Amino acid sequence: MADNTLKITGWKADGLRCPETIVDLSHSESRIAFIQMPNGTGKTTTYNLIDFAFDKRPPEQIDELQYDLTKDPITLSKWISGMPRRFNPPEQGTFELYCEFNSKALIIHLEFDFILNKVIKSYTHGGQSKIKFSALKAKVKRMIKSGITSFMMLDGERAQAFLNESQHDAEDAIASIHQMDVLTNVLRFADMYYSAAMEKTTKKGARRQEITTATNKQRKAEESWNKLKQDKSEIGAKIAAKNQELTDSIEEKDALGAGNTARQSEIQDLKDKIAEFRVSWHNEQNKQIPMMCDNVLAFSSGFGQELLQLRDNLEKNKLPESAGKEWFIELSEQEKCVCGRPIEATDRLHIQNHSAQYLSTNHQNILNLIKSKIREDIEPHSGDFEKMNKELHNLVSESSRNYQSMVAKQQDYDNLTEEIAKESGRQDDLNNLVLKISQLESGIEDLEREKADLNAGAGNPKSVEYARVQFKSAKDNLKQYTEAYTLVTRMTRLDDMIRTIYERVRSEISQKVTDETNETCRRILGNDDMDIESIGKSLVLKGSNDRETGGSVGQTMVLAYSFIQVLNKQTGIQIPLILDSPVGPADTENRKEIADILWNLGERNLIIFIINTEKNDFVDRIQDNAKSESKEHEVMYITQFKRNKKTERFFGKDTREGFISYESDFFDEFAITSISDGDE
Amino acid sequence: MIDLKELIRAQLKIYINSNDDIEPGVEAKLIKIISGLLQGDDPSHADIKTIFENISVEV
């Protein structure tokens, strides 16, 4: 077993909102333990209790109200008040976490007092009685205080948190796990020594106030001088960066402006075309309408011919000189006929009726007028009928074409204006850029002024030279009190040295973690999709600015596992990994992928909380892997739950509130997903 | 496995080489203190005093 190896061998809960059972994981060969618990039976409570047991905060601080248990700030007292068993709630509750640290038993006790709403944490190590954190052996203390145990607990949400700087502080974790605090501790002890020595010096000199004032003045003057020197060394780069930003913004603005100008010109072209086609269309109409009004012969080439035919027919049927209708009417009014025979009443009626069949003078006049009009107006054009019709047809076609073109251009115009409306953000972008450019120009002017001030002589209070002179003066003043001056200077130099070394070592370790995490991740994934570029508050993926997402759930978990594995490898600390529903949201392929990764993690002690629906493609896959390598004995299958009307039948005569089974057949067949729904 | 003490030692050497006011003796003393802290032992008053005294100050 490696040095600094921590293993969880079980736990026991009593009076809490999780099964009141003793979970025994101490089987010497097991490395993976599945804990199957239906929803609503305290799976997350158990997970959180383990998390809380390993919280790095020493017990004297856990009474603080703010305690970040699940990433969302909740109060510790609220958490405690939600902890007692629901049925017959007790006044006290206990949770004991059994571990092995470097082969020695380590028990973490959590004793809940639900009346006072508090929890007390204590430890038993190597058979001792319960002790406080401060009384633990240094190695155990260091293991818990390092913060590495906070990496033991992982679910999909926590894996994602590795890529979210608001939810993690990877840089701090690396420093903590690598015990970089030894350097800050050196400074803490140096400061204690310095304070005691300064106290002694000032007492001895009997001018305590003067020395303190001079010391503070010298420190402030040095800080101010250092800051201005730093500002001076950086201001050139700042100005260059601002100038570059300005150039980029101007280029961006020009490009955007050119785009807008091109659009405006396109719109104007379309407007011109629409106007042009509208004018042509109107012109054609202006010709067509008079033509149609003036000469109806143009409508149809056959119409004129028909009129000529009509005239010919009228000519052929010669009209009488006098009109017949009036003659018969006149006769019907006479006493006698032209033959001298008297006209009887019946004859008179017959003659009157007969008159209706003859044309009147008016009719004759109209027909004669038609004949003369055809002769005068139609006949002269008799050779042009075809031509006139063709001319009208051409005008109508041309007009129709112009109208169609105008409609098409109008459609283009509508599409373009719609597109521009959709891109209205472009104008906002342009306005923002104009504002940004103005701010950059003003910022550059300010920086140039600042640069001039920094470079000015000792007469300018904003200059480096002025600060140097002030520091020299403060130093000379402090030098009167030689001992105090020497102490201040030594403390300042030591502080500079330790901080510089801290930063360099942190950066070196961070680079090693980055390289090794990428190597591990690539080995598991078979590609560099999840390569990290750097480690800041979170892990920063390569090209993260251009990526929309951090990766799939499976990929992100691989990255998180790789990161933790590297930290473990680099620190020589072996810790268990406790997973809560690691494949809940994952699809079949991801489940298999995660199962393979977990199986290949090696010697690590794994505790995986699941519900029965996570068995398919995940537990099955690990079972298959174990079988193929003849390592079935390395996997434990535990099922546990609370007493409930749905689970009552499993208890038999047992009166306890919690049930636990270590049988793999029971594990496989157990089908209750939740004690509050209808699944079974 | 990363050896924090060795990383610190390497950076200390570089720092001390480029800062004349820090005497070479500071390296060994600081490494001794860091070794102790890594084991959970607090540094002695004498060790801290030695470090202070190995930082030269012109008055």
# chains A, B, ... in the order shown; residues from 1 in each chain; ligands from 1
$ residues_around --residues "segment 21-33 of chain B" --least-positions-apart "2" --cutoff "10 Å" --atoms "only C-alpha atoms" --output "ChimeraX atom specification"
/A:182-183,185-186,490,493-494,497-498 /B:5-6,8-13,15-19,35-39,41-44,47-48,50-58
$ residues_around --residues "Trp225 of chain A" --least-positions-apart "4" --cutoff "9 Å" --atoms "only C-alpha atoms" --output "MDAnalysis selection string"
chainID A and resid 220:221 229:230 464:471
$ select_by_dssp --residues "segment 409-634 of chain A" --states "alpha helix (DSSP H)" --output "number ranges by chain"
A: 409-422, 425-455, 464-479, 482-525, 553-571, 588-599, 620-628
$ atom_distance --atom1 "atom CA of Val140 of chain A" --atom2 "atom CA of Met152 of chain A"
15.8 Å
$ atom_distance --atom1 "atom CA of Trp327 of chain A" --atom2 "atom CA of Lys371 of chain A"
24.2 Å
$ closest_residue --among "A:Asn102, A:Thr500, A:Asn518, A:Gln640" --to "chain B" --atoms "only C-alpha atoms"
A:Thr500
$ closest_residue --among "A:Asn243, A:Gln264, A:Thr489, A:Asn415" --to "chain B" --atoms "only C-alpha atoms"
A:Thr489
$ atom_distance --atom1 "atom CA of Gly127 of chain A" --atom2 "atom CA of Thr21 of chain A"
22.4 Å
$ interface_residues --of "chain A" --to "chain B" --cutoff "9 Å" --atoms "only C-alpha atoms" --output "MDAnalysis selection string"
chainID A and resid 137:139 141:142 178:180 182:183 185:186 189:190 193:194 476 479 482 485:487 489:491 493:494 497:498 500:502 504:505 508:509 512 568:572
$ residues_around --residues "segment 109-114 of chain A" --least-positions-apart "4" --cutoff "12 Å" --atoms "only C-alpha atoms" --output "ChimeraX atom specification"
/A:11-17,49-55,59,62,76-85,89-99,118-125,129-133
$ write_last_selection --atoms "C-alpha atoms" --output "PDB file, in the first residue's frame"
ATOM      1  CA  TRP A  11     -20.182   3.541   7.851  1.00  0.00           C
ATOM      2  CA  LYS A  12     -22.951   3.341  10.374  1.00  0.00           C
ATOM      3  CA  ALA A  13     -25.955   5.648  10.672  1.00  0.00           C
ATOM      4  CA  ASP A  14     -28.438   5.970  13.491  1.00  0.00           C
ATOM      5  CA  GLY A  15     -31.389   8.330  13.902  1.00  0.00           C
ATOM      6  CA  LEU A  16     -30.693  10.040  10.580  1.00  0.00           C
ATOM      7  CA  ARG A  17     -32.538  10.421   7.307  1.00  0.00           C
ATOM      8  CA  LEU A  49     -22.542  12.949   5.397  1.00  0.00           C
ATOM      9  CA  ILE A  50     -19.363  11.402   3.977  1.00  0.00           C
ATOM     10  CA  ASP A  51     -18.545  14.727   2.326  1.00  0.00           C
ATOM     11  CA  PHE A  52     -19.086  16.544   5.623  1.00  0.00           C
ATOM     12  CA  ALA A  53     -16.980  14.016   7.554  1.00  0.00           C
ATOM     13  CA  PHE A  54     -14.006  14.850   5.338  1.00  0.00           C
ATOM     14  CA  ASP A  55     -14.538  18.603   5.274  1.00  0.00           C
ATOM     15  CA  PRO A  59     -14.170  21.158  14.131  1.00  0.00           C
ATOM     16  CA  ILE A  62     -17.861  24.060  11.772  1.00  0.00           C
ATOM     17  CA  LEU A  76     -25.286  24.385   8.677  1.00  0.00           C
ATOM     18  CA  SER A  77     -28.144  24.675  11.149  1.00  0.00           C
ATOM     19  CA  LYS A  78     -30.666  24.283   8.325  1.00  0.00           C
ATOM     20  CA  TRP A  79     -28.798  21.223   7.136  1.00  0.00           C
ATOM     21  CA  ILE A  80     -28.789  19.734  10.637  1.00  0.00           C
ATOM     22  CA  SER A  81     -32.482  20.437  11.147  1.00  0.00           C
ATOM     23  CA  GLY A  82     -33.241  18.440   7.986  1.00  0.00           C
ATOM     24  CA  MET A  83     -31.161  15.479   9.160  1.00  0.00           C
ATOM     25  CA  PRO A  84     -33.262  13.554  11.769  1.00  0.00           C
ATOM     26  CA  ARG A  85     -35.198  10.444  10.791  1.00  0.00           C
ATOM     27  CA  PRO A  89     -37.668  11.698  15.105  1.00  0.00           C
ATOM     28  CA  PRO A  90     -34.972  11.298  17.773  1.00  0.00           C
ATOM     29  CA  GLU A  91     -33.198  14.013  19.779  1.00  0.00           C
ATOM     30  CA  GLN A  92     -29.768  12.726  18.766  1.00  0.00           C
ATOM     31  CA  GLY A  93     -28.286  11.042  15.743  1.00  0.00           C
ATOM     32  CA  THR A  94     -24.892   9.613  14.881  1.00  0.00           C
ATOM     33  CA  PHE A  95     -22.902   8.880  11.778  1.00  0.00           C
ATOM     34  CA  GLU A  96     -19.621   6.998  11.954  1.00  0.00           C
ATOM     35  CA  LEU A  97     -17.365   6.772   8.945  1.00  0.00           C
ATOM     36  CA  TYR A  98     -14.898   3.869   9.116  1.00  0.00           C
ATOM     37  CA  CYS A  99     -11.615   4.358   7.267  1.00  0.00           C
ATOM     38  CA  LYS A 118     -25.494  21.333  16.274  1.00  0.00           C
ATOM     39  CA  VAL A 119     -23.057  18.659  15.227  1.00  0.00           C
ATOM     40  CA  ILE A 120     -19.817  17.647  16.913  1.00  0.00           C
ATOM     41  CA  LYS A 121     -17.062  16.024  14.945  1.00  0.00           C
ATOM     42  CA  SER A 122     -14.433  13.812  16.591  1.00  0.00           C
ATOM     43  CA  TYR A 123     -11.938  11.159  15.567  1.00  0.00           C
ATOM     44  CA  THR A 124     -10.646   7.797  16.680  1.00  0.00           C
ATOM     45  CA  HIS A 125      -7.279   6.815  15.289  1.00  0.00           C
ATOM     46  CA  SER A 129     -10.549   7.062  22.356  1.00  0.00           C
ATOM     47  CA  LYS A 130     -12.387   9.930  20.650  1.00  0.00           C
ATOM     48  CA  ILE A 131     -10.157  12.969  20.110  1.00  0.00           C
ATOM     49  CA  LYS A 132     -10.454  16.409  18.596  1.00  0.00           C
ATOM     50  CA  PHE A 133      -9.003  17.281  15.212  1.00  0.00           C
TER      51      PHE A 133
END
$ residues_around --residues "Ile660 of chain A" --least-positions-apart "2" --cutoff "10 Å" --atoms "only C-alpha atoms" --output "list in words"
Pro19, Glu20, Thr21, Ile22, Val23, Asp24, Ile35, Gln36, Met37, Ile638, Thr639, Gln640, Phe641, Lys642, Phe650, Phe651, Gly658, Tyr662 and Glu663 of chain A
$ residues_around --residues "segment 393-401 of chain A" --least-positions-apart "3" --cutoff "9 Å" --atoms "only C-alpha atoms" --output "list in words"
Ser280, Trp281, His282, Asn283, Glu284, Gln285, Lys287, Gln288, Ala298, Phe299, Met388, Asn389, Lys390, Gln404, Ser405 and Met406 of chain A
